Amino acid sequence: MERTGKKKGLVILLGALAVLTVLAVVLLGRYKVVGRITGPEWDYLEMDGVTYARRDSTPYSIADKGEFLGLATDGERKFRLYAVKGDEERNYIYCFWDWEGFFYQKE
């Protein structure tokens with residue numbers, strides 16, 4: 001009887017580990033690096049073979065932040081990238097780092 005209980009516990013433990021592993025893979029995949037930021041003032045964003053230039057003046061604001069696209073890096077820091085609501089052609093990307101946000105426009 002005791003042996004059956006140990007087997008059952010082992011099966012439950014292995015099942016829980018499998019579920020946690022799948023969950024970790026899904027969550028970590030969501031935060032993959034999809035772009036690279038370059039320039040002395042983070043002037044350019046390269047994403048999916050497209051170059052975007054940083055713009056301080058755009059027709060959008062932080063209120064237009066859309067879906068999460070992934071992360072970008074400058075080699076040291078990670079930046080969160082978002083689509084912009086109302087910009088179906090994806091001419092703009094919203095970039096958020098720490099407490100600061102800025103826009104990039106497709107060149």
# chains A, B, ... in the order shown; residues from 1 in each chain; ligands from 1
call {"tool": "select_by_dssp", "arguments": {"residues": "segment 31-84 of chain A", "states": "strand (DSSP E or B)", "output": "number ranges by chain"}}
result
A: 33-38, 44-47, 50-55, 65-73, 78-84
call {"tool": "write_last_selection", "arguments": {"atoms": "C-alpha atoms", "output": "compact mmCIF listing (two decimals), in the first residue's frame"}}
result
# COMPACT_ATOMS: atom_id res chain seq x y z
CA VAL A 33 14.47 40.16 -28.05
CA VAL A 34 13.02 41.26 -31.40
CA GLY A 35 14.97 44.47 -32.01
CA ARG A 36 18.23 46.34 -31.55
CA ILE A 37 18.63 49.98 -30.54
CA THR A 38 21.71 51.87 -31.75
CA TYR A 44 17.65 54.00 -34.25
CA LEU A 45 15.62 50.85 -33.78
CA GLU A 46 16.11 47.90 -36.09
CA MET A 47 13.31 45.35 -36.01
CA VAL A 50 13.16 47.57 -40.85
CA THR A 51 14.91 50.68 -39.53
CA TYR A 52 13.03 53.19 -37.39
CA ALA A 53 14.36 56.59 -36.32
CA ARG A 54 13.60 58.12 -32.93
CA ARG A 55 11.08 60.97 -33.05
CA LYS A 65 0.36 52.31 -26.60
CA GLY A 66 -0.91 49.08 -28.13
CA GLU A 67 0.05 45.42 -27.98
CA PHE A 68 3.40 44.26 -26.63
CA LEU A 69 5.75 43.28 -29.48
CA GLY A 70 8.80 42.08 -27.56
CA LEU A 71 12.07 43.50 -26.32
CA ALA A 72 14.89 45.47 -27.90
CA THR A 73 18.40 45.82 -26.56
CA LYS A 78 16.36 46.00 -22.46
CA PHE A 79 13.52 48.12 -23.80
CA ARG A 80 9.88 47.10 -24.14
CA LEU A 81 8.38 47.64 -27.61
CA TYR A 82 4.71 48.24 -28.32
CA ALA A 83 2.57 48.72 -31.40
CA VAL A 84 0.71 52.01 -31.64
call {"tool": "residues_around", "arguments": {"residues": "Tyr60 of chain A", "least_positions_apart": "4", "cutoff": "12 Å", "atoms": "only C-alpha atoms", "output": "list of chain:residue names"}}
result
A:Arg55, A:Asp56, A:Asp64, A:Lys65, A:Gly66, A:Ala83, A:Val84, A:Lys85, A:Gly86, A:Asp87, A:Asn91, A:Tyr92, A:Ile93, A:Tyr94, A:Gly101, A:Phe102, A:Phe103, A:Tyr104, A:Gln105
call {"tool": "closest_residue", "arguments": {"among": "A:Thr4, A:Arg77, A:Gly15, A:Pro40", "to": "Trp97 of chain A", "atoms": "only C-alpha atoms"}}
result
A:Arg77
